[in-house]
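Coordinates from structure.txt are shown below (compact mmCIF, C-alpha atoms).
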# COMPACT_ATOMS: atom_id res chain seq x y z
CA MET R 395 73.87 81.46 144.58
CA ALA R 396 75.69 81.44 141.25
CA SER R 397 73.06 83.59 139.57
CA THR R 398 73.13 86.25 142.31
CA GLU R 399 76.89 86.51 141.92
CA PHE R 400 76.73 86.65 138.14
CA VAL R 401 74.18 89.42 137.74
CA PRO R 402 76.22 92.15 139.52
CA ASN R 403 79.32 91.16 137.51
CA GLN R 404 77.30 91.24 134.32
CA ALA R 405 75.90 94.65 135.19
CA LYS R 406 79.38 95.87 136.03
CA THR R 407 80.87 94.87 132.69
CA GLU R 408 77.87 96.09 130.72
CA ALA R 409 78.40 99.51 132.32
CA ILE R 410 81.84 99.74 130.65
CA THR R 411 82.03 101.43 127.26
CA ALA R 412 84.70 100.17 124.87
CA HIS R 413 85.45 102.14 121.72
CA VAL R 414 86.69 100.74 118.42
CA ILE R 415 88.67 103.22 116.33
CA TRP R 416 88.60 101.70 112.85
CA LEU R 417 91.08 103.19 110.36
CA THR R 418 90.02 102.47 106.78
CA THR R 419 92.75 104.65 105.31
CA GLY R 420 95.34 101.98 104.72
CA LEU R 421 95.94 100.93 101.11
CA SER R 422 92.99 98.65 100.37
CA CYS R 423 89.55 98.31 98.84
CA GLU R 424 87.71 98.40 102.21
CA GLY R 425 86.35 94.91 101.49
CA ASP R 426 86.85 93.98 105.14
CA SER R 427 84.37 96.66 106.21
CA VAL R 428 81.86 95.17 103.79
CA ALA R 429 82.57 91.66 105.11
CA LEU R 430 82.01 92.95 108.65
CA THR R 431 78.43 93.89 107.79
CA GLY R 432 77.74 90.30 106.67
CA ALA R 433 78.83 88.68 109.95
CA THR R 434 76.16 86.62 111.71
CA ASN R 435 77.90 84.81 114.58
CA PRO R 436 78.10 87.23 116.25
CA SER R 437 76.64 89.89 114.03
CA LEU R 438 77.73 93.51 114.03
CA GLU R 439 74.24 94.36 115.22
CA ASP R 440 74.64 92.00 118.22
CA ILE R 441 77.81 93.82 119.25
CA ILE R 442 76.77 97.45 118.85
CA THR R 443 73.27 97.02 120.30
CA GLY R 444 74.46 95.20 123.43
CA ALA R 445 72.56 92.01 122.68
CA ILE R 446 75.32 89.77 124.07
CA PRO R 447 74.93 89.31 127.86
CA GLY R 448 77.81 90.62 129.95
CA MET R 449 79.54 92.30 127.04
CA PRO R 450 80.63 95.91 127.57
CA ARG R 451 78.91 98.53 125.48
CA VAL R 452 80.80 98.87 122.21
CA VAL R 453 80.92 102.01 120.08
CA VAL R 454 82.45 101.49 116.64
CA HIS R 455 83.88 104.58 114.94
CA THR R 456 84.16 103.80 111.23
CA THR R 457 83.16 105.39 107.96
CA VAL R 458 80.86 102.43 107.24
CA LEU R 459 78.56 103.15 110.19
CA ALA R 460 79.11 106.85 110.84
CA VAL R 461 76.32 109.38 110.37
CA GLU R 462 78.80 112.13 111.24
CA SER R 463 81.13 113.66 108.68
CA GLY R 464 84.03 116.05 108.50
CA ASP R 465 85.33 117.50 111.78
CA GLU R 466 82.49 115.90 113.74
CA PHE R 467 83.52 112.44 112.55
CA MET R 468 87.21 113.10 113.22
CA GLN R 469 86.57 114.14 116.81
CA ALA R 470 86.67 110.51 118.00
CA TRP R 471 90.24 110.21 116.74
CA TYR R 472 91.32 113.29 118.66
CA ASP R 473 89.45 112.10 121.76
CA ALA R 474 91.16 108.70 121.58
CA GLU R 475 94.55 110.38 121.36
CA ALA R 476 93.66 112.58 124.35
CA GLY R 477 92.70 109.55 126.48
CA LYS R 478 89.00 110.40 126.55
CA LEU R 479 87.82 107.10 125.00
CA ASP R 480 89.69 104.56 127.14
CA PRO R 481 89.61 101.67 126.72
CA PHE R 482 89.73 101.62 122.94
CA VAL R 483 90.71 99.06 120.32
CA LEU R 484 92.60 100.39 117.31
CA VAL R 485 91.74 98.58 114.07
CA LEU R 486 93.59 99.05 110.80
CA GLU R 487 92.16 98.06 107.44
CA GLY R 488 94.54 98.26 104.51
CA SER R 489 98.32 98.06 104.24
CA VAL R 490 100.65 100.70 105.64
CA PRO R 491 102.47 102.77 103.03
CA ASN R 492 106.03 103.86 103.64
CA GLU R 493 105.67 107.63 103.75
CA LYS R 494 109.45 107.95 103.76
CA LEU R 495 109.16 107.24 100.03
CA SER R 496 106.36 109.70 99.26
CA GLY R 497 108.52 112.78 98.76
CA ASP R 498 106.61 116.03 99.08
CA GLY R 499 103.24 114.25 98.86
CA TYR R 500 101.65 111.42 100.79
CA PHE R 501 100.17 107.99 100.04
CA ALA R 502 97.31 107.73 102.56
CA ALA R 503 95.77 110.14 105.03
CA MET R 504 92.60 111.05 106.93
CA GLY R 505 91.70 114.38 108.42
CA VAL R 506 93.56 117.67 108.43
CA ASN R 507 96.02 118.86 111.02
CA PRO R 508 94.52 122.09 112.42
CA ASP R 509 97.99 123.48 113.14
CA ASN R 510 99.25 123.50 109.56
CA GLY R 511 96.27 122.54 107.39
CA GLN R 512 98.10 119.44 106.10
CA PRO R 513 96.58 115.94 105.83
CA ILE R 514 97.28 113.59 108.74
CA THR R 515 98.80 110.48 107.22
CA THR R 516 97.82 106.96 108.20
CA ASN R 517 101.35 106.49 109.50
CA GLU R 518 100.95 109.47 111.81
CA TRP R 519 97.63 108.19 113.15
CA LEU R 520 99.27 104.84 113.92
CA ASP R 521 102.12 106.60 115.68
CA ARG R 522 99.66 108.64 117.74
CA LEU R 523 97.11 105.98 118.63
CA ALA R 524 98.85 102.58 118.74
CA PRO R 525 100.79 103.28 121.98
CA LYS R 526 97.56 104.40 123.69
CA ALA R 527 95.30 101.58 122.49
CA SER R 528 94.34 98.73 124.80
CA ALA R 529 94.49 96.38 121.79
CA VAL R 530 95.67 96.79 118.20
CA VAL R 531 94.07 94.73 115.44
CA ALA R 532 94.94 94.35 111.75
CA VAL R 533 91.94 93.26 109.66
CA GLY R 534 92.42 91.79 106.20
CA THR R 535 95.59 90.57 104.53
CA CYS R 536 96.57 94.06 103.38
CA ALA R 537 96.67 95.23 107.00
CA THR R 538 98.15 92.04 108.42
CA TYR R 539 100.96 91.30 105.95
CA GLY R 540 100.81 93.91 103.19
CA GLY R 541 98.70 91.92 100.73
CA ILE R 542 98.22 93.02 97.13
CA PRO R 543 99.45 96.64 97.64
CA ALA R 544 102.75 95.19 98.92
CA MET R 545 103.42 93.03 95.87
CA LYS R 546 106.88 93.04 94.35
CA ASN R 547 107.71 96.27 92.48
CA ASN R 548 105.00 98.30 94.22
CA PRO R 549 105.95 102.01 94.45
CA THR R 550 104.59 102.68 97.96
CA GLY R 551 106.80 100.36 100.03
CA ALA R 552 103.57 98.95 101.47
CA MET R 553 103.75 96.66 104.49
CA GLY R 554 101.62 95.04 107.18
CA LEU R 555 100.90 96.60 110.55
CA ALA R 556 103.37 94.34 112.38
CA ASP R 557 106.06 95.30 109.86
CA TYR R 558 105.41 98.95 110.70
CA LEU R 559 105.00 98.79 114.48
CA GLY R 560 107.31 95.82 114.99
CA TRP R 561 106.44 92.14 115.41
CA ASN R 562 107.14 92.35 119.14
CA PHE R 563 104.82 95.33 119.65
CA LYS R 564 102.40 95.07 122.56
CA SER R 565 99.52 97.34 123.45
CA LYS R 566 99.36 99.14 126.77
CA ALA R 567 97.28 96.19 128.01
CA GLY R 568 100.14 93.83 127.08
CA ILE R 569 98.40 92.33 124.03
CA PRO R 570 100.40 91.65 120.83
CA ILE R 571 99.04 92.84 117.51
CA VAL R 572 96.13 90.60 116.55
CA ASN R 573 96.04 89.69 112.84
CA ILE R 574 92.79 88.64 111.16
CA PRO R 575 93.89 87.90 107.58
CA GLY R 576 91.75 87.27 104.52
CA CYS R 577 91.09 89.04 101.25
CA PRO R 578 88.74 90.10 102.65
CA ALA R 579 88.69 88.64 106.15
CA GLN R 580 85.74 86.37 106.90
CA GLY R 581 83.11 88.48 108.68
CA ASP R 582 82.51 86.18 111.64
CA ASN R 583 86.26 85.92 112.22
CA ILE R 584 86.31 89.72 112.60
CA THR R 585 83.36 90.06 114.97
CA GLU R 586 84.28 86.99 117.04
CA THR R 587 87.83 88.26 117.58
CA LEU R 588 86.65 91.77 118.46
CA MET R 589 84.14 90.31 120.92
CA TYR R 590 86.88 88.13 122.44
CA LEU R 591 89.15 91.15 122.88
CA VAL R 592 86.45 93.27 124.48
CA PHE R 593 85.64 90.48 126.97
CA ALA R 594 89.38 90.08 127.67
CA LEU R 595 89.77 93.80 128.33
CA ALA R 596 86.80 93.59 130.73
CA GLY R 597 88.54 90.79 132.62
CA MET R 598 85.99 88.15 131.60
CA ALA R 599 88.19 86.15 129.21
CA PRO R 600 91.89 85.28 128.89
CA LEU R 601 94.08 87.05 126.37
CA PRO R 602 93.73 85.51 122.91
CA GLU R 603 96.27 82.84 122.00
CA LEU R 604 98.05 83.73 118.76
CA ASP R 605 100.24 81.75 116.37
CA GLU R 606 103.63 82.86 115.04
CA ALA R 607 101.94 84.97 112.36
CA LEU R 608 99.85 86.66 115.12
CA ARG R 609 96.61 84.99 113.95
CA PRO R 610 94.08 83.77 116.56
CA LYS R 611 94.95 80.10 117.00
CA TRP R 612 91.39 78.93 117.47
CA LEU R 613 90.50 80.29 114.03
CA PHE R 614 93.64 79.57 112.00
CA GLU R 615 95.17 76.43 113.51
CA ARG R 616 93.92 74.09 110.76
CA THR R 617 94.65 74.23 107.07
CA ALA R 618 91.93 74.83 104.52
CA HIS R 619 92.52 71.27 103.28
CA GLU R 620 91.95 69.78 106.74
CA SER R 621 88.60 71.61 106.97
CA CYS R 622 87.50 71.08 103.37
CA ASN R 623 84.61 68.79 102.48
CA ARG R 624 86.59 67.79 99.37
CA ALA R 625 89.66 66.58 101.30
CA ALA R 626 88.73 62.90 101.17
CA PHE R 627 88.81 63.03 97.37
CA TYR R 628 92.50 63.94 97.55
CA GLU R 629 93.51 60.75 99.36
CA SER R 630 91.46 58.65 96.96
CA GLY R 631 93.10 60.35 93.96
CA ASN R 632 89.85 61.84 92.68
CA PHE R 633 90.53 65.32 91.25
CA ALA R 634 88.35 67.89 89.52
CA LYS R 635 89.09 68.64 85.88
CA GLU R 636 87.33 72.02 85.70
CA TYR R 637 86.43 74.94 87.93
CA GLY R 638 82.99 74.92 89.49
CA SER R 639 83.04 71.14 89.90
CA ASP R 640 80.39 70.07 92.42
CA HIS R 641 82.80 67.64 94.07
CA ARG R 642 86.33 66.21 93.88
CA CYS R 643 89.55 67.82 95.08
CA LEU R 644 90.68 71.05 93.37
CA VAL R 645 94.43 70.75 94.01
CA GLN R 646 95.28 69.93 90.39
CA LEU R 647 93.50 73.12 89.33
CA GLY R 648 95.77 75.22 91.52
CA CYS R 649 94.12 75.04 94.95
CA LYS R 650 96.64 75.88 97.69
CA GLY R 651 94.47 74.51 100.51
CA PRO R 652 96.94 71.89 101.82
CA VAL R 653 99.40 74.62 102.92
CA VAL R 654 97.02 77.45 103.82
CA LYS R 655 95.82 78.31 107.33
CA CYS R 656 92.17 79.22 106.80
CA ASN R 657 88.83 78.21 108.32
CA VAL R 658 86.53 79.36 105.50
CA PRO R 659 85.86 75.83 104.13
CA LEU R 660 84.59 74.89 107.60
CA ARG R 661 82.90 78.14 108.61
CA GLY R 662 81.49 79.18 105.25
CA TRP R 663 81.28 82.79 104.17
CA ILE R 664 77.94 84.21 105.34
CA ASN R 665 75.81 82.36 107.88
CA GLY R 666 77.68 79.11 107.19
CA ILE R 667 77.07 79.26 103.43
CA GLY R 668 79.63 79.71 100.67
CA GLY R 669 83.40 79.92 100.82
CA CYS R 670 85.90 79.38 98.00
CA PRO R 671 86.23 75.55 97.74
CA ASN R 672 82.66 75.04 98.98
CA VAL R 673 81.36 76.60 95.76
CA GLY R 674 83.96 75.11 93.41
CA GLY R 675 86.64 77.80 93.59
CA ILE R 676 90.29 77.16 94.43
CA CYS R 677 91.98 78.45 97.60
CA MET R 678 94.41 81.20 96.55
CA ALA R 679 96.08 81.47 99.99
CA CYS R 680 94.76 84.94 100.79
CA THR R 681 95.19 84.45 104.56
CA MET R 682 98.91 83.75 104.31
CA PRO R 683 101.84 86.13 104.95
CA GLY R 684 103.35 85.34 101.54
CA PHE R 685 100.18 86.25 99.61
CA PRO R 686 100.08 86.97 96.73
CA ASP R 687 103.67 86.72 95.47
CA LYS R 688 104.52 83.25 96.79
CA TYR R 689 101.37 81.68 95.36
CA MET R 690 101.32 83.03 91.83
CA PRO R 691 100.24 82.18 89.21
CA PHE R 692 97.09 81.36 91.16
CA MET R 693 95.48 78.93 88.74
CA GLU R 694 98.50 76.72 88.19
CA GLU R 695 99.19 73.67 90.32
CA ASP R 696 102.09 73.97 92.74
CA PRO R 697 104.97 71.63 91.78
CA ASN R 698 104.91 69.94 95.19
CA GLY R 699 101.14 69.62 94.97
CA ARG R 700 101.46 68.07 91.51
CA LEU R 701 103.91 65.47 92.82
CA SER R 702 101.78 64.44 95.79
CA SER R 703 98.47 64.56 93.91
CA ASN R 704 99.79 62.46 91.04
CA PHE R 705 101.09 59.95 93.56
CA ALA R 706 97.59 59.73 95.05
CA LYS R 707 95.97 59.68 91.63
CA PHE R 708 98.04 56.89 90.06
CA THR R 709 99.08 54.67 92.98
CA TYR R 710 97.09 54.14 96.17
CA GLY R 711 94.11 56.33 95.17
CA PRO R 712 92.56 53.87 92.68
CA VAL R 713 93.11 50.99 95.13
CA LEU R 714 91.34 52.89 97.90
CA ARG R 715 88.43 53.80 95.62
CA TRP R 716 88.01 50.19 94.49
CA ALA R 717 88.23 48.77 98.02
CA ARG R 718 85.79 51.28 99.48
CA ALA R 719 83.32 50.89 96.64
CA ARG R 720 83.44 47.10 97.05
CA SER R 721 82.90 47.37 100.83
CA ILE R 722 79.95 49.68 100.32
CA ARG R 723 78.40 47.52 97.61
CA THR R 724 78.84 44.16 99.30
CA LYS R 725 78.49 45.02 102.99
CA PHE R 726 77.72 48.49 104.24
CA ASP R 727 74.99 49.43 101.74
CA LYS R 728 72.90 46.40 102.67
CA GLU R 729 70.59 45.66 105.60
CA PRO R 730 71.38 42.79 108.02
CA GLU R 731 69.85 39.49 106.90
CA TRP R 732 67.59 39.11 109.96
CA ARG R 733 65.36 41.99 108.85
CA HIS R 734 62.60 40.12 107.00
CA ASN R 735 58.86 39.46 106.98
CA ARG R 736 58.91 35.72 107.75
CA ALA R 737 57.43 33.86 110.70
CA GLU R 738 60.79 33.19 112.30
CA LEU R 739 63.31 35.10 114.39
CA THR R 740 66.80 34.92 112.91
CA SER R 741 68.55 37.81 114.62
CA GLY R 742 70.21 35.58 117.22
CA TYR R 743 67.91 36.73 120.00
CA ALA R 744 66.97 33.80 122.27
CA LYS R 745 63.59 33.58 124.11
CA ARG R 746 63.75 32.98 127.84
CA TRP R 747 60.76 31.44 129.70
For this file, produce the structure as structure tokens.
Amino acid sequence: MASTEFVPNQAKTEAITAHVIWLTTGLSCEGDSVALTGATNPSLEDIITGAIPGMPRVVVHTTVLAVESGDEFMQAWYDAEAGKLDPFVLVLEGSVPNEKLSGDGYFAAMGVNPDNGQPITTNEWLDRLAPKASAVVAVGTCATYGGIPAMKNNPTGAMGLADYLGWNFKSKAGIPIVNIPGCPAQGDNITETLMYLVFALAGMAPLPELDEALRPKWLFERTAHESCNRAAFYESGNFAKEYGSDHRCLVQLGCKGPVVKCNVPLRGWINGIGGCPNVGGICMACTMPGFPDKYMPFMEEDPNGRLSSNFAKFTYGPVLRWARARSIRTKFDKEPEWRHNRAELTSGYAKRW
């Protein structure tokens, strides 16, 4: 009975076409688009080929995948504005410049306005499309919080998407801006969130639960330190002395993992492999709203981290290491005494006749 009910629903949702309008014309390096192509769970191919059962057909309009160019490529943007591609998800990659500061020029644009022959700025595209999108997503730390282009003394007045549209902005489907930070964002975090949103828009999943920084909670609830395979070395006061160390905690080399919301140490980078601390690199806090200014200089230990790590290193850490090593050596690294090749049973098992 369940299967006969599921198949029509599955066919119904698979008949829906959801469009993704991906703006790469924010201020950025387009590293998030590259990261997207490396996703494996789910992969970009899984999404655009309809390999995931029950998922609506997804058409992604982005310079990375497009075979069209010029006016033919831009047509999707005009169609989305005209309501011909509903439902669509608007994705921004790169920070939003403040065009009020650009004078007679402009900082970022894509396409040409046919009425006056002038470039259509990224700001104008956001103004046109965001109110009509079923969901609005910022991908990468530049788009989410401003990132490197928004560093102190930048000339563009760069900001994140929520700074531009407003932190209380909601799409026409009632969904807040969804932030997927990272420099670049982890590929699977991008595809998983997009898949979640498409299922939610099809009525097959609840709206995503977000934290105060508008990040998906299920991806960014834990700190990098809590997910790191080096975390136990911190409590035992065992710290790396050089970059690239195959083990030991990296906090005293400048790792910001204890205060950073990031799942890369747990998820890896591509197909579960890699990720900053997993390969001996420090966490530089690239998923955080205060990146990079609040975490610089990157390769110097934070004063609070130095205090807590030195406390672990010189007080309880050595005691823990000694006690654990002794327990392993004297008890846990040895077999029970009843495992032997003698003609007697010494395990405590009693024969019953």
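Of the residues listed (R:Met690, R:Leu559, R:Ala706, R:Cys656), R:Ala706 shows the shortest atom-to-atom separation from Cys643 in chain R; distances use only C-alpha atoms.
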TODO: Pull the neighbourhood of (96.1, 72.9, 106.0) for me: all residues within 10 Å in file coordinates, counting all atoms listed in the file, as a list in words.
DONE: Phe614, Glu615, Arg616, Thr617, Ala618, His619, Glu620, Ser621, Cys622, Lys650, Gly651, Pro652, Val653, Val654, Lys655, Cys656 and Asn657 of chain R
Rows by chain and residue number, range 623-677 of chain R within 12 Å of range 581-604 of chain R, shortest pair, all atoms listed in the file, as a tab-separated table:
residue	atom	partner	partner_atom	distance
R:Cys656	CA	R:Asn583	CA	10.4
R:Asn657	CA	R:Asn583	CA	9.0
R:Val658	CA	R:Asn583	CA	9.4
R:Arg661	CA	R:Asp582	CA	8.6
R:Gly662	CA	R:Asp582	CA	9.5
R:Trp663	CA	R:Gly581	CA	7.5
R:Ile664	CA	R:Gly581	CA	7.5
R:Asn665	CA	R:Asp582	CA	8.6
R:Gly666	CA	R:Asp582	CA	9.6
R:Gly669	CA	R:Gly581	CA	11.6
Open item on the list: Excluding Lys526 in chain R and its own-chain neighbours fewer than 4 positions away, which residues fall within 10 Å of it when counting only C-alpha atoms? Please give them as a list in words.
Closed with: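 Once the nearby chain positions are removed, what remains is Ala474, Glu475, Ala476, Gly477, Asp480, Pro481, Phe482, Val483, Leu484, Leu520, Asp521, Arg522, Val530, Ser565, Lys566 and Ala567 of chain R.
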TODO: Enter the distance from CA of Gly684 in chain R to CA of Ala429 in chain R, in Å, rounded to one decimal.
DONE: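 Calculated distance between CA of Gly684 in chain R and CA of Ala429 in chain R is 22.0 Å.
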Task: Selected residue, from R:His413, R:Lys546, R:Arg642, R:Lys478, that lies nearest to Arg451 in chain R when counting all atoms listed in the file - done: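 Of the candidates, the smallest distance to Arg451 in chain R is held by R:His413.
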- [ ] Determine the nearest neighbour of Leu459 in chain R from the options R:Ser496, R:Thr681, R:Ser427, R:Asn510, counting all atoms listed in the file.
- [x] R:Ser427
